[in-house]
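**Q** Data: start_5.txt, compact mmCIF, C-alpha atoms.
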# COMPACT_ATOMS: atom_id res chain seq x y z
CA MET R 3 93.31 96.10 131.14
CA GLY R 4 95.23 96.84 134.36
CA ALA R 5 94.06 98.03 137.72
CA ARG R 6 92.79 101.47 136.85
CA LYS R 7 89.50 101.73 135.02
CA VAL R 8 89.98 103.58 131.74
CA SER R 9 86.94 105.06 130.07
CA SER R 10 86.83 104.06 126.41
CA ASP R 11 86.73 107.64 125.16
CA GLU R 12 90.17 108.19 126.65
CA TYR R 13 91.69 105.95 123.98
CA LEU R 14 93.02 107.19 120.66
CA PHE R 15 91.62 104.05 119.00
CA ASP R 16 89.61 100.98 119.95
CA PRO R 17 91.75 98.74 122.21
CA ASP R 18 90.00 95.66 120.83
CA LEU R 19 91.91 96.19 117.58
CA LEU R 20 95.03 95.03 119.43
CA LYS R 21 93.49 91.67 120.27
CA ASN R 22 94.39 88.49 118.37
CA LEU R 23 97.08 89.98 116.15
CA ASP R 24 98.81 87.48 113.85
CA TRP R 25 101.88 86.81 116.01
CA GLY R 26 102.23 83.39 114.38
CA SER R 27 103.48 85.12 111.24
CA VAL R 28 106.45 86.67 113.07
CA ILE R 29 107.24 83.90 115.53
CA ASN R 30 110.84 83.66 114.32
CA CYS R 31 111.53 87.28 115.20
CA LEU R 32 111.22 86.97 118.97
CA ASN R 33 113.01 84.73 121.44
CA PRO R 34 111.35 84.10 123.84
CA PRO R 35 108.10 84.66 121.91
CA ILE R 36 106.33 87.58 123.57
CA THR R 37 103.25 89.35 122.21
CA ASN R 38 101.39 92.57 122.95
CA GLU R 39 98.95 90.54 125.08
CA THR R 40 101.74 88.67 126.86
CA PRO R 41 104.62 91.15 126.85
CA GLY R 42 106.95 89.14 129.07
CA GLU R 43 106.36 90.85 132.40
CA PRO R 44 103.04 91.01 134.25
CA TRP R 45 103.51 94.71 134.93
CA LEU R 46 103.90 95.68 131.29
CA LEU R 47 100.76 96.78 129.45
CA VAL R 48 100.56 97.41 125.68
CA ARG R 49 97.61 99.63 124.77
CA PRO R 50 96.48 102.56 122.64
CA LEU R 51 97.63 106.03 123.64
CA CYS R 52 95.23 107.70 126.09
CA ILE R 53 94.49 111.38 126.40
CA SER R 54 95.67 111.12 130.02
CA ASP R 55 99.11 109.89 128.93
CA TYR R 56 100.50 113.39 129.06
CA ASN R 57 100.70 112.76 132.81
CA LYS R 58 102.39 109.40 132.27
CA GLY R 59 105.33 110.80 130.35
CA TYR R 60 104.44 110.17 126.71
CA VAL R 61 105.73 113.56 125.62
CA GLN R 62 108.87 113.19 127.70
CA ILE R 63 109.75 109.83 126.19
CA LEU R 64 109.41 111.28 122.69
CA SER R 65 112.12 113.77 123.56
CA GLN R 66 114.58 110.84 123.55
CA LEU R 67 113.82 110.68 119.83
CA THR R 68 113.87 114.20 118.44
CA THR R 69 112.94 117.81 119.10
CA VAL R 70 109.63 117.93 120.93
CA GLY R 71 109.66 121.52 122.14
CA ASN R 72 107.49 122.96 124.85
CA VAL R 73 104.27 120.93 124.49
CA SER R 74 101.71 121.86 127.16
CA LYS R 75 98.98 119.53 128.35
CA THR R 76 96.48 121.62 126.40
CA ASP R 77 98.59 121.36 123.21
CA PHE R 78 98.80 117.59 123.65
CA GLU R 79 95.09 117.18 124.26
CA ARG R 80 94.20 119.34 121.26
CA GLN R 81 96.45 117.31 118.97
CA PHE R 82 95.14 114.04 120.43
CA MET R 83 91.60 115.15 119.55
CA ASN R 84 92.73 116.24 116.05
CA MET R 85 94.12 112.75 115.55
CA ARG R 86 91.07 110.97 116.87
CA LYS R 87 88.74 113.08 114.75
CA ALA R 88 90.76 112.46 111.60
CA GLY R 89 91.14 108.73 112.22
CA GLY R 90 94.04 106.64 110.98
CA TYR R 91 96.27 107.38 113.98
CA TYR R 92 97.20 104.27 115.92
CA ILE R 93 99.72 105.39 118.52
CA THR R 94 100.46 102.42 120.76
CA VAL R 95 102.33 102.56 124.05
CA ILE R 96 103.89 100.28 126.62
CA GLU R 97 103.14 101.26 130.20
CA ASP R 98 105.03 100.11 133.25
CA THR R 99 101.97 99.76 135.47
CA ARG R 100 104.11 99.59 138.63
CA ILE R 101 105.01 103.25 138.22
CA ASN R 102 102.28 104.41 135.79
CA ARG R 103 104.83 105.54 133.21
CA ILE R 104 104.98 105.16 129.42
CA ILE R 105 108.22 103.35 128.70
CA GLY R 106 107.82 102.65 124.98
CA ALA R 107 105.74 103.78 122.02
CA SER R 108 105.30 103.55 118.29
CA SER R 109 102.81 104.91 115.79
CA LEU R 110 100.99 103.37 112.88
CA ILE R 111 99.56 106.03 110.60
CA THR R 112 97.28 104.81 107.81
CA GLU R 113 96.62 106.56 104.52
CA PHE R 114 93.71 106.11 102.13
CA LYS R 115 94.89 105.49 98.57
CA ILE R 116 93.28 105.36 95.15
CA ILE R 117 96.02 103.05 93.87
CA HIS R 118 96.02 99.38 94.92
CA ASN R 119 92.23 99.06 94.62
CA CYS R 120 91.51 102.08 96.78
CA GLY R 121 93.76 100.45 99.37
CA ILE R 122 95.21 101.56 102.67
CA ARG R 123 98.89 101.83 103.39
CA GLY R 124 100.56 102.06 106.76
CA ARG R 125 103.53 104.02 108.05
CA LEU R 126 105.63 103.42 111.10
CA GLU R 127 106.53 106.56 113.02
CA ASP R 128 108.00 107.75 116.29
CA VAL R 129 109.37 104.51 117.72
CA VAL R 130 110.97 104.84 121.13
CA VAL R 131 111.75 102.59 124.08
CA ASN R 132 113.19 103.84 127.36
CA ASN R 133 116.88 102.93 127.55
CA THR R 134 116.55 101.46 131.03
CA TYR R 135 114.25 98.71 129.71
CA ARG R 136 116.74 97.24 127.25
CA GLY R 137 117.12 93.49 126.76
CA LYS R 138 113.40 92.78 126.95
CA GLN R 139 112.75 92.86 123.16
CA LEU R 140 110.41 95.80 123.73
CA GLY R 141 111.57 97.59 120.57
CA LYS R 142 110.65 94.57 118.50
CA LEU R 143 107.45 94.13 120.47
CA ILE R 144 106.16 97.65 119.95
CA VAL R 145 107.10 97.78 116.26
CA LEU R 146 105.64 94.36 115.51
CA THR R 147 102.45 95.23 117.39
CA VAL R 148 101.65 98.16 115.10
CA SER R 149 102.94 96.29 112.04
CA LEU R 150 100.55 93.40 112.73
CA LEU R 151 97.81 95.94 113.35
CA ALA R 152 98.50 97.39 109.89
CA LYS R 153 98.13 93.89 108.46
CA LYS R 154 94.88 93.37 110.36
CA LEU R 155 93.48 96.67 109.08
CA GLY R 156 94.14 95.50 105.51
CA CYS R 157 97.15 97.66 104.64
CA TYR R 158 98.88 96.45 101.48
CA LYS R 159 102.20 97.66 102.85
CA MET R 160 103.84 99.24 105.84
CA SER R 161 106.82 101.53 105.43
CA LEU R 162 109.28 103.39 107.59
CA ASP R 163 112.19 105.79 107.24
CA CYS R 164 115.29 105.14 109.33
CA LYS R 165 118.93 105.86 109.97
CA ASP R 166 121.60 103.52 108.63
CA SER R 167 122.28 102.20 112.14
CA LEU R 168 118.73 100.89 112.49
CA ILE R 169 118.64 98.88 109.24
CA PRO R 170 119.74 95.59 110.92
CA PHE R 171 117.06 95.98 113.58
CA TYR R 172 114.27 96.47 111.06
CA LYS R 173 115.61 93.69 108.85
CA SER R 174 115.42 91.34 111.83
CA ILE R 175 111.67 91.90 112.02
CA GLY R 176 110.83 91.60 108.35
CA TYR R 177 111.40 95.04 106.81
CA LYS R 178 113.35 95.27 103.56
CA LEU R 179 115.28 97.82 101.54
CA GLU R 180 113.87 97.26 98.05
CA PRO R 181 116.79 97.40 95.58
CA GLY R 182 116.75 100.65 93.63
CA ASN R 183 113.72 101.93 95.51
CA ALA R 184 114.71 102.64 99.07
CA ASN R 185 115.41 106.36 99.19
CA SER R 186 113.86 108.80 101.58
CA MET R 187 114.34 112.46 100.64
CA ILE R 188 113.24 115.54 102.52
CA THR R 189 112.89 119.29 102.47
CA ARG R 190 112.83 121.07 105.81
CA TYR R 191 110.95 124.30 106.36
CA GLU R 192 111.54 126.87 109.02
CA GLU R 193 109.57 125.87 112.09
CA THR R 194 106.87 128.33 112.95
CA SER R 195 105.59 128.52 116.50
CA LYS R 196 102.24 126.95 115.65
CA PRO R 197 101.10 125.62 112.30
CA VAL R 198 97.99 126.83 110.53
CA ASP R 199 95.02 124.61 111.33
CA PRO R 200 94.79 122.50 108.17
CA SER R 201 91.10 121.67 108.57
CA MET K 20 88.91 128.65 87.33
CA GLY K 21 88.21 127.62 83.71
CA ALA K 22 85.03 127.61 81.69
CA ARG K 23 82.98 125.07 83.60
CA LYS K 24 81.48 126.08 86.91
CA VAL K 25 82.60 123.73 89.68
CA SER K 26 80.61 123.61 92.87
CA SER K 27 82.92 123.98 95.88
CA ASP K 28 81.81 120.72 97.48
CA GLU K 29 83.22 118.85 94.52
CA TYR K 30 86.75 119.71 95.65
CA LEU K 31 88.87 117.55 97.93
CA PHE K 32 90.18 120.72 99.59
CA ASP K 33 89.68 124.47 99.43
CA PRO K 34 91.06 125.73 96.08
CA ASP K 35 91.96 129.06 97.71
CA LEU K 36 94.79 127.25 99.51
CA LEU K 37 96.58 127.08 96.17
CA LYS K 38 96.60 130.86 95.79
CA ASN K 39 99.71 132.94 96.44
CA LEU K 40 102.10 130.09 97.14
CA ASP K 41 105.71 131.14 97.80
CA TRP K 42 107.09 130.61 94.28
CA GLY K 43 109.76 133.20 94.96
CA SER K 44 111.52 130.67 97.20
CA VAL K 45 111.96 128.19 94.32
CA ILE K 46 112.50 130.61 91.46
CA ASN K 47 115.82 128.96 90.55
CA CYS K 48 114.17 125.58 89.97
CA LEU K 49 112.12 126.52 86.92
CA ASN K 50 113.13 128.02 83.59
CA PRO K 51 110.97 129.66 82.34
CA PRO K 52 109.42 130.44 85.75
CA ILE K 53 105.94 128.94 85.68
CA THR K 54 103.62 128.62 88.72
CA ASN K 55 100.40 126.78 89.51
CA GLU K 56 98.50 129.98 88.73
CA THR K 57 100.41 130.58 85.49
CA PRO K 58 101.33 127.07 84.36
CA GLY K 59 102.76 128.06 80.99
CA GLU K 60 99.80 127.30 78.74
CA PRO K 61 96.38 128.97 78.93
CA TRP K 62 94.65 125.60 78.65
CA LEU K 63 96.39 124.06 81.66
CA LEU K 64 94.61 124.29 85.00
CA VAL K 65 96.15 123.32 88.35
CA ARG K 66 93.50 122.62 90.98
CA PRO K 67 92.43 120.27 93.79
CA LEU K 68 91.13 116.84 92.84
CA CYS K 69 87.36 116.84 92.26
CA ILE K 70 84.96 114.01 92.92
CA SER K 71 84.04 114.18 89.23
CA ASP K 72 87.64 113.52 88.16
CA TYR K 73 86.93 109.83 87.82
CA ASN K 74 85.40 110.81 84.49
CA LYS K 75 88.43 112.91 83.57
CA GLY K 76 90.90 110.04 83.84
CA TYR K 77 92.46 110.49 87.28
CA VAL K 78 92.40 106.77 88.01
CA GLN K 79 93.71 105.95 84.55
CA ILE K 80 96.69 108.25 84.88
CA LEU K 81 97.62 106.64 88.21
CA SER K 82 97.94 103.32 86.41
CA GLN K 83 101.06 104.76 84.72
CA LEU K 84 102.56 104.74 88.21
CA THR K 85 101.69 101.43 89.86
CA THR K 86 99.00 98.79 90.30
CA VAL K 87 95.62 100.48 90.50
CA GLY K 88 93.33 97.50 89.97
CA ASN K 89 89.71 97.63 89.05
CA VAL K 90 88.52 100.84 90.74
CA SER K 91 84.88 101.61 89.98
CA LYS K 92 83.37 105.07 90.09
CA THR K 93 81.64 104.11 93.34
CA ASP K 94 84.94 102.92 94.87
CA PHE K 95 86.60 106.17 93.85
CA GLU K 96 83.83 108.35 95.23
CA ARG K 97 83.76 106.44 98.52
CA GLN K 98 87.50 106.86 98.97
CA PHE K 99 87.31 110.53 97.97
CA MET K 100 84.73 111.07 100.73
CA ASN K 101 86.87 109.11 103.23
CA MET K 102 89.75 111.44 102.41
CA ARG K 103 87.69 114.61 102.67
CA LYS K 104 86.16 113.54 105.96
CA ALA K 105 89.56 112.70 107.46
CA GLY K 106 91.24 115.87 106.20
CA GLY K 107 94.93 116.19 105.44
CA TYR K 108 94.60 114.93 101.86
CA TYR K 109 95.70 117.49 99.30
CA ILE K 110 95.62 115.71 95.95
CA THR K 111 96.35 118.28 93.27
CA VAL K 112 95.89 117.76 89.54
CA ILE K 113 96.71 119.40 86.22
CA GLU K 114 93.83 119.38 83.77
CA ASP K 115 94.11 119.95 80.04
CA THR K 116 90.92 121.96 79.72
CA ARG K 117 90.88 121.57 75.92
CA ILE K 118 90.03 117.90 76.34
CA ASN K 119 88.82 117.80 79.96
CA ARG K 120 91.48 115.29 80.96
CA ILE K 121 93.73 115.02 84.01
CA ILE K 122 97.28 114.99 82.66
CA GLY K 123 99.26 115.27 85.89
CA ALA K 124 98.82 114.82 89.62
CA SER K 125 100.57 114.71 92.97
CA SER K 126 99.46 114.31 96.56
CA LEU K 127 100.41 116.09 99.73
CA ILE K 128 99.34 114.10 102.78
CA THR K 129 99.74 115.83 106.15
CA GLU K 130 100.20 114.15 109.51
CA PHE K 131 99.58 115.54 112.98
CA LYS K 132 102.58 115.03 115.25
CA ILE K 133 103.26 115.41 118.96
CA ILE K 134 106.96 115.97 118.26
CA HIS K 135 108.12 119.33 116.87
CA ASN K 136 105.72 121.32 119.06
CA CYS K 137 102.67 119.32 118.03
CA GLY K 138 103.69 120.08 114.46
CA ILE K 139 102.48 118.90 111.09
CA ARG K 140 104.62 117.07 108.58
CA GLY K 141 103.93 116.56 104.92
CA ARG K 142 104.45 113.65 102.56
CA LEU K 143 104.63 113.64 98.82
CA GLU K 144 102.82 110.74 97.17
CA ASP K 145 101.60 109.48 93.82
CA VAL K 146 103.32 111.89 91.45
CA VAL K 147 102.53 111.35 87.78
CA VAL K 148 102.59 113.36 84.57
CA ASN K 149 101.30 112.06 81.27
CA ASN K 150 104.26 111.18 79.04
CA THR K 151 102.87 113.09 76.08
CA TYR K 152 103.20 116.38 77.99
CA ARG K 153 106.95 116.18 78.55
CA GLY K 154 109.21 119.20 78.21
CA LYS K 155 106.80 121.59 79.91
CA GLN K 156 108.28 121.27 83.43
CA LEU K 157 104.95 119.87 84.60
CA GLY K 158 106.60 117.33 86.91
CA LYS K 159 108.44 120.09 88.70
CA LEU K 160 105.31 122.25 88.64
CA ILE K 161 103.04 119.69 90.28
CA VAL K 162 105.58 118.62 92.91
CA LEU K 163 106.53 122.19 93.80
CA THR K 164 102.87 123.17 94.02
CA VAL K 165 102.13 120.66 96.78
CA SER K 166 105.53 121.27 98.41
CA LEU K 167 104.80 124.99 98.66
CA LEU K 168 101.33 124.14 99.94
CA ALA K 169 102.97 122.05 102.70
CA LYS K 170 105.08 125.07 103.60
CA LYS K 171 102.00 127.32 103.63
CA LEU K 172 100.15 124.90 105.92
CA GLY K 173 103.04 125.10 108.40
CA CYS K 174 104.64 121.69 107.86
CA TYR K 175 108.10 121.49 109.44
CA LYS K 176 109.18 119.10 106.74
CA MET K 177 108.06 117.38 103.59
CA SER K 178 109.34 113.94 102.67
CA LEU K 179 109.09 111.47 99.84
CA ASP K 180 110.23 107.97 98.95
CA CYS K 181 111.65 107.41 95.48
CA LYS K 182 113.58 105.19 93.13
CA ASP K 183 117.29 105.80 92.52
CA SER K 184 116.53 107.13 89.05
CA LEU K 185 114.43 109.99 90.43
CA ILE K 186 116.99 111.32 92.89
CA PRO K 187 118.43 113.92 90.46
CA PHE K 188 114.94 115.20 89.66
CA TYR K 189 114.04 115.71 93.32
CA LYS K 190 117.46 117.20 94.07
CA SER K 191 116.84 119.77 91.33
CA ILE K 192 113.81 121.06 93.23
CA GLY K 193 115.28 121.18 96.69
CA TYR K 194 114.89 117.70 98.18
CA LYS K 195 117.88 116.13 99.93
CA LEU K 196 119.15 112.72 100.98
CA GLU K 197 120.24 113.35 104.57
CA PRO K 198 123.54 111.53 105.13
CA GLY K 199 123.04 108.43 107.24
CA ASN K 200 119.30 108.99 107.46
CA ALA K 201 117.79 108.42 104.04
CA ASN K 202 116.51 104.85 104.11
CA SER K 203 113.01 103.78 103.25
CA MET K 204 112.15 100.22 104.31
CA ILE K 205 108.95 98.30 103.73
CA THR K 206 106.98 95.17 104.49
CA ARG K 207 104.37 94.12 101.97
CA TYR K 208 101.23 92.25 102.94
CA GLU K 209 99.06 90.11 100.76
CA GLU K 210 96.52 92.33 99.08
CA THR K 211 92.99 91.58 100.13
CA SER K 212 90.13 92.50 97.84
CA LYS K 213 88.92 95.31 100.07
CA PRO K 214 90.49 96.54 103.30
CA VAL K 215 88.62 96.67 106.59
CA ASP K 216 87.13 100.09 107.16
CA PRO K 217 89.56 101.57 109.70
CA SER K 218 87.07 104.03 111.18
Go ahead and express the file in the form of structure tokens.

**A**
Amino acid sequence: MGARKVSSDEYLFDPDLLKNLDWGSVINCLNPPITNETPGEPWLLVRPLCISDYNKGYVQILSQLTTVGNVSKTDFERQFMNMRKAGGYYITVIEDTRINRIIGASSLITEFKIIHNCGIRGRLEDVVVNNTYRGKQLGKLIVLTVSLLAKKLGCYKMSLDCKDSLIPFYKSIGYKLEPGNANSMITRYEETSKPVDPS
Amino acid sequence: MGARKVSSDEYLFDPDLLKNLDWGSVINCLNPPITNETPGEPWLLVRPLCISDYNKGYVQILSQLTTVGNVSKTDFERQFMNMRKAGGYYITVIEDTRINRIIGASSLITEFKIIHNCGIRGRLEDVVVNNTYRGKQLGKLIVLTVSLLAKKLGCYKMSLDCKDSLIPFYKSIGYKLEPGNANSMITRYEETSKPVDPS
């Protein structure tokens, strides 16, 4: 897992879950066919988010995506522990191990259901790849990695919300707009400085 | 809280969270103006899901919505405990206390984020109201109850996925399709009998 030794309790989830994903099922989506275990360059590493990734730019890369705000290391570590305690958070990153920086990320969030035989569903969230690493299929790689993880965990479906401009990208890796049932609606609330602890 | 005494550990979440929600902010959505604490009929009770609600028809009412499958009482109770242990599951029901039956339900699921100042977002899921109780604004009531709970918990937004036919309903209670950013896409996986335990 790269040069530096990472203690297992640094990980958000068990790295072994990322082994032997069903890349055969999506072989037509990637050319050349890379996987999370063979990401195309020897210096790229796909792994779970670590609590030490604050120092490797995980928060900074998210700011390419949306409003992040002023997240301190303590804020990050507290939320990381909230996620790990709750379970169901599978934030996966791509590290450029030459420079020890996070250069891509995506999140699988799972949800326990009563419907579908007390099933589990997955959601794709917070997908980002550093612009300077374009042309390496890393967007597809990071999304397919967590999608195949959802499949491995037994999710009956994986869903995502996206802008119009991203529809072709997600179609190219197997996502569909279901006719008559593809609307995402929202209500926004005023952002408070810190939310109430929901536990 | 109705005639029968309910021990607090039967609840999925603290019932006090449903007190004093900000109904003033949605007063234009309901006519007459009912709330979760005054739902329009003395025999209606809005409360968190209880582990004993298997016997009151919670699983049955979900089958009006989608595939539920053959969920046993043990399956239900196991998933209820998974949800309570994880936290972030706010399944809220309407009970007709004359007949001890669940006649409506909706779920708020919260998610810890790093973006938006380590914020929390909410999702609306699994909304259902028994057809025979139409004309009482119970759909609006149950959705607004969990939406106002999301606001109270500090969520920066609440989102939902829906069919085309439900867009006017959700618009009438404050949800919006954001132009250019209102797509919900999915991948479905073959349903296994029981998912892998993700913990």

**Q** What's around segment 130-145 of chain R at 6 Å? Count all atoms listed in the file, leave out sequence neighbours fewer than 5 positions away in its own chain, and write the answer as a list of chain:residue names.

**A**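 Answer for this query is R:Ile105, R:Gly106, R:Ala107.
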
**Q** Work out how far apart atom CA of Gly43 of chain K and atom CA of Ile139 of chain K are and give it in Å to one decimal.

**A**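 For atom CA of Gly43 of chain K relative to atom CA of Ile139 of chain K, the distance reads 22.8 Å.
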
**Q** Provide as an MDAnalysis selection string the residues of chain R at most 6 Å from chain K, counting all atoms listed in the file.

**A** chainID R and resid 69:71 73 88 117:119 155:156 158:166 177:179 182:191 193 197:198

**Q** Restrict the selected residues to C-alpha atoms and save them as a short mmCIF file (atom, residue, chain, number, x, y, z; two decimals), in the coordinates of the input.

**A**
data_model
loop_
_atom_site.label_atom_id
_atom_site.label_comp_id
_atom_site.auth_asym_id
_atom_site.auth_seq_id
_atom_site.Cartn_x
_atom_site.Cartn_y
_atom_site.Cartn_z
CA THR R 69 112.94 117.81 119.10
CA VAL R 70 109.63 117.93 120.93
CA GLY R 71 109.66 121.52 122.14
CA VAL R 73 104.27 120.93 124.49
CA ALA R 88 90.76 112.46 111.60
CA ILE R 117 96.02 103.05 93.87
CA HIS R 118 96.02 99.38 94.92
CA ASN R 119 92.23 99.06 94.62
CA LEU R 155 93.48 96.67 109.08
CA GLY R 156 94.14 95.50 105.51
CA TYR R 158 98.88 96.45 101.48
CA LYS R 159 102.20 97.66 102.85
CA MET R 160 103.84 99.24 105.84
CA SER R 161 106.82 101.53 105.43
CA LEU R 162 109.28 103.39 107.59
CA ASP R 163 112.19 105.79 107.24
CA CYS R 164 115.29 105.14 109.33
CA LYS R 165 118.93 105.86 109.97
CA ASP R 166 121.60 103.52 108.63
CA TYR R 177 111.40 95.04 106.81
CA LYS R 178 113.35 95.27 103.56
CA LEU R 179 115.28 97.82 101.54
CA GLY R 182 116.75 100.65 93.63
CA ASN R 183 113.72 101.93 95.51
CA ALA R 184 114.71 102.64 99.07
CA ASN R 185 115.41 106.36 99.19
CA SER R 186 113.86 108.80 101.58
CA MET R 187 114.34 112.46 100.64
CA ILE R 188 113.24 115.54 102.52
CA THR R 189 112.89 119.29 102.47
CA ARG R 190 112.83 121.07 105.81
CA TYR R 191 110.95 124.30 106.36
CA GLU R 193 109.57 125.87 112.09
CA PRO R 197 101.10 125.62 112.30
CA VAL R 198 97.99 126.83 110.53
#

**Q** What is the atom CA of Gln62 of chain R to atom CA of Ile36 of chain R distance in Å?

**A**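 According to the coordinates, atom CA of Gln62 of chain R and atom CA of Ile36 of chain R are separated by 26.1 Å.
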
**Q** Distance atom CA of Leu151 of chain R-atom CA of Asp24 of chain R, one decimal place?

**A** 8.5 Å

**Q** Edge lengths and centre in Å to one decimal, as AutoDock Vina command-line options, is what I'm after for the box along x, y and z that holds all listed atoms of segment 121-136 of chain K once 4 Å is added on each side.

**A**
--center_x 100.9 --center_y 117.7 --center_z 100.9 --size_x 22.4 --size_y 15.2 --size_z 44.4

**Q** Choose the residue, out of K:Cys69, K:Ser191, K:Ile80, K:Val45, that has the smallest atom-to-atom separation from Met100 of chain K; count all atoms listed in the file.

**A**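 The answer is K:Cys69, which sits nearest to Met100 of chain K.
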
**Q** Can you work out which one of R:Asn30, R:Thr147, R:Thr76, R:Ser54 has the shortest atom-to-atom distance to Glu12 of chain R, counting all atoms listed in the file?

**A**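 Answer, going by the shortest atom-to-atom distance: R:Ser54.
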
**Q** With all atoms listed in the file as the atoms that count, which of K:Val146, K:Pro67, K:Gln83, K:Thr111 lies nearest to Tyr30 of chain K?

**A**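 Residue with the minimum atom-to-atom distance to Tyr30 of chain K: K:Pro67.
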
**Q** From the structure block, carefully write segment 160-166 of chain K out with all heavy atoms; format it as an mmCIF file, in the first residue's frame.

**A**
data_model
loop_
_atom_site.group_PDB
_atom_site.id
_atom_site.type_symbol
_atom_site.label_atom_id
_atom_site.label_comp_id
_atom_site.auth_asym_id
_atom_site.auth_seq_id
_atom_site.Cartn_x
_atom_site.Cartn_y
_atom_site.Cartn_z
ATOM 1 N N LEU K 160 -48.261 17.008 5.492
ATOM 2 C CA LEU K 160 -47.920 17.016 6.921
ATOM 3 C C LEU K 160 -46.680 16.174 7.198
ATOM 4 O O LEU K 160 -45.742 16.612 7.885
ATOM 5 C CB LEU K 160 -49.100 16.478 7.738
ATOM 6 C CG LEU K 160 -48.846 16.396 9.241
ATOM 7 C CD1 LEU K 160 -48.751 17.770 9.863
ATOM 8 C CD2 LEU K 160 -49.937 15.568 9.926
ATOM 9 N N ILE K 161 -46.639 14.967 6.641
ATOM 10 C CA ILE K 161 -45.537 14.065 7.002
ATOM 11 C C ILE K 161 -44.232 14.491 6.339
ATOM 12 O O ILE K 161 -43.151 14.374 6.930
ATOM 13 C CB ILE K 161 -45.924 12.581 6.719
ATOM 14 C CG1 ILE K 161 -44.989 11.639 7.451
ATOM 15 C CG2 ILE K 161 -45.961 12.278 5.230
ATOM 16 C CD1 ILE K 161 -45.109 11.678 8.950
ATOM 17 N N VAL K 162 -44.328 15.044 5.121
ATOM 18 C CA VAL K 162 -43.112 15.521 4.460
ATOM 19 C C VAL K 162 -42.591 16.786 5.140
ATOM 20 O O VAL K 162 -41.390 16.927 5.392
ATOM 21 C CB VAL K 162 -43.346 15.764 2.960
ATOM 22 C CG1 VAL K 162 -42.131 16.443 2.328
ATOM 23 C CG2 VAL K 162 -43.634 14.450 2.239
ATOM 24 N N LEU K 163 -43.499 17.704 5.453
ATOM 25 C CA LEU K 163 -43.050 18.943 6.104
ATOM 26 C C LEU K 163 -42.503 18.660 7.502
ATOM 27 O O LEU K 163 -41.562 19.318 7.957
ATOM 28 C CB LEU K 163 -44.192 19.962 6.157
ATOM 29 C CG LEU K 163 -44.481 20.638 4.811
ATOM 30 C CD1 LEU K 163 -45.776 21.456 4.881
ATOM 31 C CD2 LEU K 163 -43.320 21.545 4.372
ATOM 32 N N THR K 164 -43.060 17.687 8.176
ATOM 33 C CA THR K 164 -42.548 17.355 9.517
ATOM 34 C C THR K 164 -41.065 16.982 9.449
ATOM 35 O O THR K 164 -40.242 17.529 10.184
ATOM 36 C CB THR K 164 -43.359 16.196 10.134
ATOM 37 O OG1 THR K 164 -44.705 16.633 10.344
ATOM 38 C CG2 THR K 164 -42.772 15.761 11.467
ATOM 39 N N VAL K 165 -40.709 16.073 8.550
ATOM 40 C CA VAL K 165 -39.286 15.687 8.505
ATOM 41 C C VAL K 165 -38.426 16.773 7.855
ATOM 42 O O VAL K 165 -37.242 16.895 8.166
ATOM 43 C CB VAL K 165 -39.055 14.300 7.847
ATOM 44 C CG1 VAL K 165 -39.726 13.203 8.653
ATOM 45 C CG2 VAL K 165 -39.480 14.267 6.395
ATOM 46 N N SER K 166 -39.023 17.583 6.975
ATOM 47 C CA SER K 166 -38.261 18.693 6.380
ATOM 48 C C SER K 166 -37.921 19.730 7.451
ATOM 49 O O SER K 166 -36.786 20.234 7.508
ATOM 50 C CB SER K 166 -39.064 19.354 5.256
ATOM 51 O OG SER K 166 -39.394 18.420 4.243
#
